[in-house]
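See structure below.
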Amino acid sequence: MPVTAKICGLSTPETLDAAIAGGASHVGFVFFPPSPRNLGFDQAQALIRRVPAHVGTVGVFVDPDEALLSAALATGIQAVQLHKTSAERAAAIRLRVPVWAAIPVKTRADIGQAAAYRDAADRILYDARTPDGAALPGGMGLRFDWKLLENIPQPLPWALSGGLDAGNVREAVGVTGARLVDVSSGVERAPGVKDVAKIAAFLQAVAQC
């Protein structure tokens, strides 16, 4: 089974096109105003219209309220990635759109939190836990100990995120067995500024997994 990749936090036509041309299976758009990757709804809709049918579109949220969620869904996103969102809220949102539940990981016990989303999400995204008080729940280039995922039964399909880049993604896949990897800051030249060459290099490395 091939390893696939989501390029997250895209904000320009050039970088979106690079992700698609490089073979990304999913592209992600951030709807969280404190993030340097945050998009306006019109901006997101214009980008989503460029995405071919074989590439999935995922909106990224931090415990969104109903108004934000509804406005974002109107852009055409096909799934939502939820950070800091309870299983109960995720289950309610899943009645409207497929859900990826982000689980912040620092210890093995954190991975056990995924079980709560068994009936509330379609996919788990394991991401590195950010420091207490951090403004962002992800996209900070942090990674966790991938060995924590070794030999852990998984309640749902899952993806690996957190500190990945072209130089380490093959090792990460080798250790964890991930079939879907997710990158944001690892293909940037500055926070929120994606780099076409880094996107291409990351996707080439994934293709070699």
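Residues in the structure tokens are named by chain (A, B, ... in the order shown) and by number from 1 within that chain; ligands are numbered from 1 in the order shown.
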Mind the document's chain letters and residue numbers, and return as number ranges by chain the residues of chain A that DSSP labels helix (DSSP H, G or I).
A: 13-22, 41-48, 66-73, 87-94, 108-117, 146-149, 169-176, 185-187, 196-207
Excluding segment 9-23 of chain A and its own-chain neighbours fewer than 6 positions away, which residues fall within 9 Å of it when counting only C-alpha atoms? Please give them as number ranges by chain.
A: 29-30, 36-39, 43-44, 46-47, 50-52, 55, 60, 139, 183-185, 192-197, 199-204, 207
Written file, previous selection with N, CA and C atoms, as an mmCIF file, in the first residue's frame:
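part-v2.cif was written with the following content:
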```
data_model
loop_
_atom_site.group_PDB
_atom_site.id
_atom_site.type_symbol
_atom_site.label_atom_id
_atom_site.label_comp_id
_atom_site.auth_asym_id
_atom_site.auth_seq_id
_atom_site.Cartn_x
_atom_site.Cartn_y
_atom_site.Cartn_z
ATOM 1 N N PHE A 29 -6.344 23.446 4.291
ATOM 2 C CA PHE A 29 -6.548 24.887 4.370
ATOM 3 C C PHE A 29 -6.945 25.244 5.794
ATOM 4 N N VAL A 30 -6.273 26.238 6.364
ATOM 5 C CA VAL A 30 -6.438 26.565 7.778
ATOM 6 C C VAL A 30 -7.473 27.672 7.966
ATOM 7 N N PRO A 36 -0.581 31.916 11.099
ATOM 8 C CA PRO A 36 -0.074 32.629 9.921
ATOM 9 C C PRO A 36 -0.559 32.021 8.615
ATOM 10 N N ARG A 37 -1.201 30.858 8.697
ATOM 11 C CA ARG A 37 -1.703 30.155 7.503
ATOM 12 C C ARG A 37 -3.212 30.348 7.320
ATOM 13 N N ASN A 38 -3.817 31.178 8.179
ATOM 14 C CA ASN A 38 -5.276 31.365 8.129
ATOM 15 C C ASN A 38 -5.714 31.948 6.784
ATOM 16 N N LEU A 39 -6.844 31.433 6.291
ATOM 17 C CA LEU A 39 -7.401 31.908 5.022
ATOM 18 C C LEU A 39 -8.758 32.572 5.233
ATOM 19 N N GLN A 43 -10.809 33.509 -0.327
ATOM 20 C CA GLN A 43 -9.472 33.019 -0.716
ATOM 21 C C GLN A 43 -9.463 31.496 -0.756
ATOM 22 N N ALA A 44 -10.042 30.879 0.265
ATOM 23 C CA ALA A 44 -10.084 29.417 0.316
ATOM 24 C C ALA A 44 -10.906 28.852 -0.841
ATOM 25 N N ALA A 46 -11.467 30.095 -3.773
ATOM 26 C CA ALA A 46 -10.742 30.224 -5.042
ATOM 27 C C ALA A 46 -9.682 29.131 -5.180
ATOM 28 N N LEU A 47 -9.015 28.801 -4.079
ATOM 29 C CA LEU A 47 -8.008 27.737 -4.122
ATOM 30 C C LEU A 47 -8.664 26.376 -4.325
ATOM 31 N N ARG A 50 -9.397 25.086 -7.677
ATOM 32 C CA ARG A 50 -8.258 24.628 -8.490
ATOM 33 C C ARG A 50 -7.926 23.151 -8.263
ATOM 34 N N VAL A 51 -8.527 22.557 -7.243
ATOM 35 C CA VAL A 51 -8.140 21.206 -6.824
ATOM 36 C C VAL A 51 -8.890 20.167 -7.657
ATOM 37 N N PRO A 52 -8.173 19.259 -8.321
ATOM 38 C CA PRO A 52 -8.854 18.224 -9.110
ATOM 39 C C PRO A 52 -9.590 17.224 -8.221
ATOM 40 N N VAL A 55 -7.957 14.690 -5.587
ATOM 41 C CA VAL A 55 -7.233 15.191 -4.418
ATOM 42 C C VAL A 55 -8.238 15.657 -3.376
ATOM 43 N N VAL A 60 -8.855 22.921 8.329
ATOM 44 C CA VAL A 60 -8.253 22.720 9.646
ATOM 45 C C VAL A 60 -8.826 23.755 10.620
ATOM 46 N N GLY A 139 1.686 22.927 13.535
ATOM 47 C CA GLY A 139 2.369 23.751 12.557
ATOM 48 C C GLY A 139 3.576 24.474 13.108
ATOM 49 N N VAL A 183 2.208 17.359 6.417
ATOM 50 C CA VAL A 183 3.291 18.333 6.634
ATOM 51 C C VAL A 183 2.760 19.747 6.446
ATOM 52 N N SER A 184 3.303 20.672 7.252
ATOM 53 C CA SER A 184 2.987 22.083 7.070
ATOM 54 C C SER A 184 4.274 22.903 7.163
ATOM 55 N N SER A 185 4.775 23.108 8.385
ATOM 56 C CA SER A 185 5.970 23.951 8.535
ATOM 57 C C SER A 185 7.201 23.331 7.872
ATOM 58 N N GLY A 192 4.081 30.201 7.565
ATOM 59 C CA GLY A 192 2.979 30.498 6.669
ATOM 60 C C GLY A 192 3.361 30.693 5.218
ATOM 61 N N VAL A 193 4.672 30.634 4.922
ATOM 62 C CA VAL A 193 5.139 30.855 3.546
ATOM 63 C C VAL A 193 5.666 29.543 2.986
ATOM 64 N N LYS A 194 4.834 28.856 2.198
ATOM 65 C CA LYS A 194 5.233 27.575 1.626
ATOM 66 C C LYS A 194 6.279 27.777 0.530
ATOM 67 N N ASP A 195 7.106 26.752 0.345
ATOM 68 C CA ASP A 195 8.193 26.776 -0.631
ATOM 69 C C ASP A 195 7.949 25.681 -1.663
ATOM 70 N N VAL A 196 7.832 26.061 -2.923
ATOM 71 C CA VAL A 196 7.515 25.106 -3.990
ATOM 72 C C VAL A 196 8.552 23.986 -4.050
ATOM 73 N N ALA A 197 9.828 24.325 -3.923
ATOM 74 C CA ALA A 197 10.881 23.312 -4.003
ATOM 75 C C ALA A 197 10.815 22.347 -2.815
ATOM 76 N N ILE A 199 8.110 21.570 -1.116
ATOM 77 C CA ILE A 199 6.936 20.717 -1.337
ATOM 78 C C ILE A 199 7.301 19.573 -2.283
ATOM 79 N N ALA A 200 7.984 19.902 -3.370
ATOM 80 C CA ALA A 200 8.372 18.874 -4.343
ATOM 81 C C ALA A 200 9.305 17.846 -3.712
ATOM 82 N N ALA A 201 10.273 18.312 -2.917
ATOM 83 C CA ALA A 201 11.231 17.399 -2.291
ATOM 84 C C ALA A 201 10.539 16.484 -1.282
ATOM 85 N N PHE A 202 9.606 17.031 -0.520
ATOM 86 C CA PHE A 202 8.884 16.218 0.459
ATOM 87 C C PHE A 202 8.076 15.133 -0.241
ATOM 88 N N LEU A 203 7.364 15.503 -1.276
ATOM 89 C CA LEU A 203 6.532 14.521 -1.978
ATOM 90 C C LEU A 203 7.376 13.478 -2.702
ATOM 91 N N GLN A 204 8.560 13.855 -3.178
ATOM 92 C CA GLN A 204 9.469 12.870 -3.764
ATOM 93 C C GLN A 204 9.937 11.882 -2.706
ATOM 94 N N ALA A 207 7.179 9.466 -1.960
ATOM 95 C CA ALA A 207 7.023 8.492 -3.044
ATOM 96 C C ALA A 207 8.040 7.359 -2.940
#
```
Could I get the residues of segment 143-183 of chain A with an atom no further than 7 Å from an atom of segment 107-122 of chain A, each paired with its nearest atom pair and that distance in Å to one decimal, using only C-alpha atoms, sorted by chain and residue number, as JSON lines?
```
{"residue": "A:Leu148", "atom": "CA", "partner": "A:Arg108", "partner_atom": "CA", "distance": 5.5}
{"residue": "A:Pro155", "atom": "CA", "partner": "A:Arg118", "partner_atom": "CA", "distance": 5.8}
{"residue": "A:Leu156", "atom": "CA", "partner": "A:Arg118", "partner_atom": "CA", "distance": 6.4}
```
Residue nearest Trp146 of chain A - candidates A:Cys8, A:Val206, A:Ala172, A:Val27, atoms counted: only C-alpha atoms
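Checking each candidate against Trp146 of chain A, we get A:Ala172 as the closest.
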Can you list every residue in chain A that DSSP puts in strand (DSSP E), as a PyMOL selection string?
chain A and resi 4-7+26-30+56-62+79-83+99-105+123-128+158-160+180-183+188-190+193-194
Selected residues written out, N, CA and C atoms, as a short mmCIF file (atom, residue, chain, number, x, y, z; two decimals), in the first residue's frame:
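Output file again-v1.cif is given in full below:
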```cif
data_model
loop_
_atom_site.label_atom_id
_atom_site.label_comp_id
_atom_site.auth_asym_id
_atom_site.auth_seq_id
_atom_site.Cartn_x
_atom_site.Cartn_y
_atom_site.Cartn_z
N THR A 4 0.86 8.05 1.24
CA THR A 4 0.37 9.26 0.62
C THR A 4 0.61 10.44 1.56
N ALA A 5 0.37 11.65 1.05
CA ALA A 5 0.72 12.84 1.83
C ALA A 5 -0.33 13.92 1.71
N LYS A 6 -0.50 14.64 2.81
CA LYS A 6 -1.30 15.87 2.83
C LYS A 6 -0.36 17.05 3.03
N ILE A 7 -0.47 18.03 2.16
CA ILE A 7 0.27 19.28 2.33
C ILE A 7 -0.71 20.26 2.95
N HIS A 26 -3.97 14.74 -0.40
CA HIS A 26 -4.84 15.70 0.25
C HIS A 26 -4.14 17.06 0.35
N VAL A 27 -4.93 18.12 0.36
CA VAL A 27 -4.41 19.46 0.60
C VAL A 27 -5.24 20.09 1.72
N GLY A 28 -4.56 20.85 2.58
CA GLY A 28 -5.22 21.39 3.76
C GLY A 28 -5.24 22.90 3.78
N PHE A 29 -6.34 23.45 4.29
CA PHE A 29 -6.55 24.89 4.37
C PHE A 29 -6.94 25.24 5.79
N VAL A 30 -6.27 26.24 6.36
CA VAL A 30 -6.44 26.56 7.78
C VAL A 30 -7.47 27.67 7.97
N GLY A 56 -8.10 15.18 -2.14
CA GLY A 56 -9.02 15.55 -1.08
C GLY A 56 -8.71 16.92 -0.50
N THR A 57 -9.74 17.66 -0.12
CA THR A 57 -9.56 18.96 0.50
C THR A 57 -10.01 18.91 1.95
N VAL A 58 -9.16 19.41 2.85
CA VAL A 58 -9.39 19.31 4.29
C VAL A 58 -9.27 20.70 4.91
N GLY A 59 -10.28 21.10 5.65
CA GLY A 59 -10.22 22.34 6.41
C GLY A 59 -9.74 22.06 7.82
N VAL A 60 -8.86 22.92 8.33
CA VAL A 60 -8.25 22.72 9.65
C VAL A 60 -8.83 23.76 10.62
N PHE A 61 -9.31 23.27 11.77
CA PHE A 61 -10.01 24.11 12.73
C PHE A 61 -9.53 23.81 14.16
N VAL A 62 -9.69 24.79 15.02
CA VAL A 62 -9.49 24.61 16.46
C VAL A 62 -10.84 24.83 17.13
N ALA A 79 -13.62 17.61 4.00
CA ALA A 79 -13.44 17.02 5.33
C ALA A 79 -12.92 18.11 6.26
N VAL A 80 -13.07 17.87 7.58
CA VAL A 80 -12.56 18.83 8.56
C VAL A 80 -11.59 18.13 9.50
N GLN A 81 -10.50 18.83 9.80
CA GLN A 81 -9.51 18.35 10.76
C GLN A 81 -9.69 19.19 12.02
N LEU A 82 -10.02 18.53 13.12
CA LEU A 82 -10.40 19.23 14.34
C LEU A 82 -9.33 19.09 15.41
N HIS A 83 -8.84 20.22 15.90
CA HIS A 83 -7.90 20.27 17.02
C HIS A 83 -8.65 20.77 18.26
N VAL A 99 -14.72 13.71 9.42
CA VAL A 99 -13.91 14.33 10.47
C VAL A 99 -12.57 13.62 10.64
N TRP A 100 -11.51 14.42 10.70
CA TRP A 100 -10.19 13.96 11.15
C TRP A 100 -9.99 14.54 12.55
N ALA A 101 -9.76 13.70 13.52
CA ALA A 101 -9.56 14.17 14.90
C ALA A 101 -8.06 14.20 15.21
N ALA A 102 -7.56 15.39 15.54
CA ALA A 102 -6.14 15.54 15.87
C ALA A 102 -5.90 15.18 17.33
N ILE A 103 -4.94 14.31 17.56
CA ILE A 103 -4.56 13.88 18.91
C ILE A 103 -3.15 14.40 19.19
N PRO A 104 -2.98 15.32 20.15
CA PRO A 104 -1.63 15.81 20.46
C PRO A 104 -0.87 14.77 21.30
N VAL A 105 0.35 14.46 20.88
CA VAL A 105 1.10 13.35 21.49
C VAL A 105 2.40 13.83 22.10
N ARG A 123 -10.93 9.56 10.80
CA ARG A 123 -9.48 9.38 10.78
C ARG A 123 -8.89 10.09 12.00
N ILE A 124 -7.82 9.50 12.53
CA ILE A 124 -7.05 10.12 13.60
C ILE A 124 -5.80 10.75 12.99
N LEU A 125 -5.44 11.93 13.47
CA LEU A 125 -4.18 12.57 13.08
C LEU A 125 -3.34 12.73 14.34
N TYR A 126 -2.25 11.96 14.41
CA TYR A 126 -1.34 12.10 15.54
C TYR A 126 -0.36 13.23 15.27
N ASP A 127 -0.36 14.24 16.14
CA ASP A 127 0.47 15.42 15.98
C ASP A 127 1.27 15.62 17.27
N ALA A 128 2.36 16.34 17.18
CA ALA A 128 3.16 16.61 18.37
C ALA A 128 2.43 17.59 19.28
N TRP A 158 -5.41 6.29 10.28
CA TRP A 158 -4.72 7.39 10.95
C TRP A 158 -3.62 7.96 10.07
N ALA A 159 -3.20 9.17 10.44
CA ALA A 159 -2.13 9.87 9.74
C ALA A 159 -1.12 10.37 10.76
N LEU A 160 0.09 10.61 10.29
CA LEU A 160 1.19 11.08 11.15
C LEU A 160 1.55 12.51 10.78
N LEU A 180 -0.27 7.56 5.71
CA LEU A 180 -0.59 8.94 5.32
C LEU A 180 0.21 9.86 6.23
N VAL A 181 0.96 10.78 5.64
CA VAL A 181 1.75 11.74 6.40
C VAL A 181 1.28 13.15 6.07
N ASP A 182 1.44 14.05 7.05
CA ASP A 182 0.89 15.40 6.95
C ASP A 182 2.00 16.39 7.28
N VAL A 183 2.21 17.36 6.42
CA VAL A 183 3.29 18.33 6.63
C VAL A 183 2.76 19.75 6.45
N GLU A 188 8.05 24.93 4.50
CA GLU A 188 7.98 26.40 4.49
C GLU A 188 9.37 27.02 4.58
N ARG A 189 9.50 28.23 4.03
CA ARG A 189 10.74 28.99 4.21
C ARG A 189 10.59 30.05 5.30
N ALA A 190 9.36 30.31 5.73
CA ALA A 190 9.04 31.18 6.85
C ALA A 190 7.65 30.78 7.32
N VAL A 193 4.67 30.63 4.92
CA VAL A 193 5.14 30.85 3.55
C VAL A 193 5.67 29.54 2.99
N LYS A 194 4.83 28.86 2.20
CA LYS A 194 5.23 27.58 1.63
C LYS A 194 6.28 27.78 0.53
#
```
For a test of reading the model, state the distance in Å between atom CA of Thr130 of chain A and atom CA of Lys106 of chain A, rounded to one decimal.
8.7 Å
Between atom CA of Pro33 of chain A and atom CA of Leu73 of chain A - distance in Å to one decimal:
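Result for atom CA of Leu73 of chain A versus atom CA of Pro33 of chain A: 16.2 Å, one decimal.
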Hey, what's within 6 Å of Asp165 of chain A if we count only C-alpha atoms and toss same-chain stuff fewer than 3 positions away? As a PDB file with all heavy atoms, in the first residue's frame, please?
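Output saved as selection-v1.pdb:
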```pdb
ATOM      1  N   ASN A 168      13.341  13.578   6.984  1.00  0.00           N
ATOM      2  CA  ASN A 168      13.035  12.575   8.018  1.00  0.00           C
ATOM      3  C   ASN A 168      11.784  11.751   7.752  1.00  0.00           C
ATOM      4  O   ASN A 168      11.479  10.832   8.517  1.00  0.00           O
ATOM      5  CB  ASN A 168      12.939  13.236   9.397  1.00  0.00           C
ATOM      6  CG  ASN A 168      11.748  14.185   9.548  1.00  0.00           C
ATOM      7  OD1 ASN A 168      10.778  14.119   8.812  1.00  0.00           O
ATOM      8  ND2 ASN A 168      11.835  15.078  10.526  1.00  0.00           N
ATOM      9  N   VAL A 169      11.052  12.054   6.682  1.00  0.00           N
ATOM     10  CA  VAL A 169       9.762  11.393   6.510  1.00  0.00           C
ATOM     11  C   VAL A 169       9.918   9.898   6.250  1.00  0.00           C
ATOM     12  O   VAL A 169       9.098   9.091   6.726  1.00  0.00           O
ATOM     13  CB  VAL A 169       8.923  12.082   5.412  1.00  0.00           C
ATOM     14  CG1 VAL A 169       9.524  11.885   4.023  1.00  0.00           C
ATOM     15  CG2 VAL A 169       7.479  11.562   5.435  1.00  0.00           C
ATOM     16  N   GLY A 186       7.208  22.010   7.704  1.00  0.00           N
ATOM     17  CA  GLY A 186       8.357  21.340   7.103  1.00  0.00           C
ATOM     18  C   GLY A 186       8.556  21.622   5.625  1.00  0.00           C
ATOM     19  O   GLY A 186       9.578  21.223   5.057  1.00  0.00           O
TER      20      GLY A 186
END
```
Excluding same-chain residues fewer than 2 positions from Asp65 of chain A, what lies within 12 Å of it counting only C-alpha atoms, as number ranges by chain?
A: 31-32, 61-63, 67-72, 82, 85, 89-90, 92-93
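Shortest atom-to-atom contact with Pro98 of chain A among A:Leu142, A:Met1, A:Ile77, A:Val173: A:Ile77, counting only C-alpha atoms.
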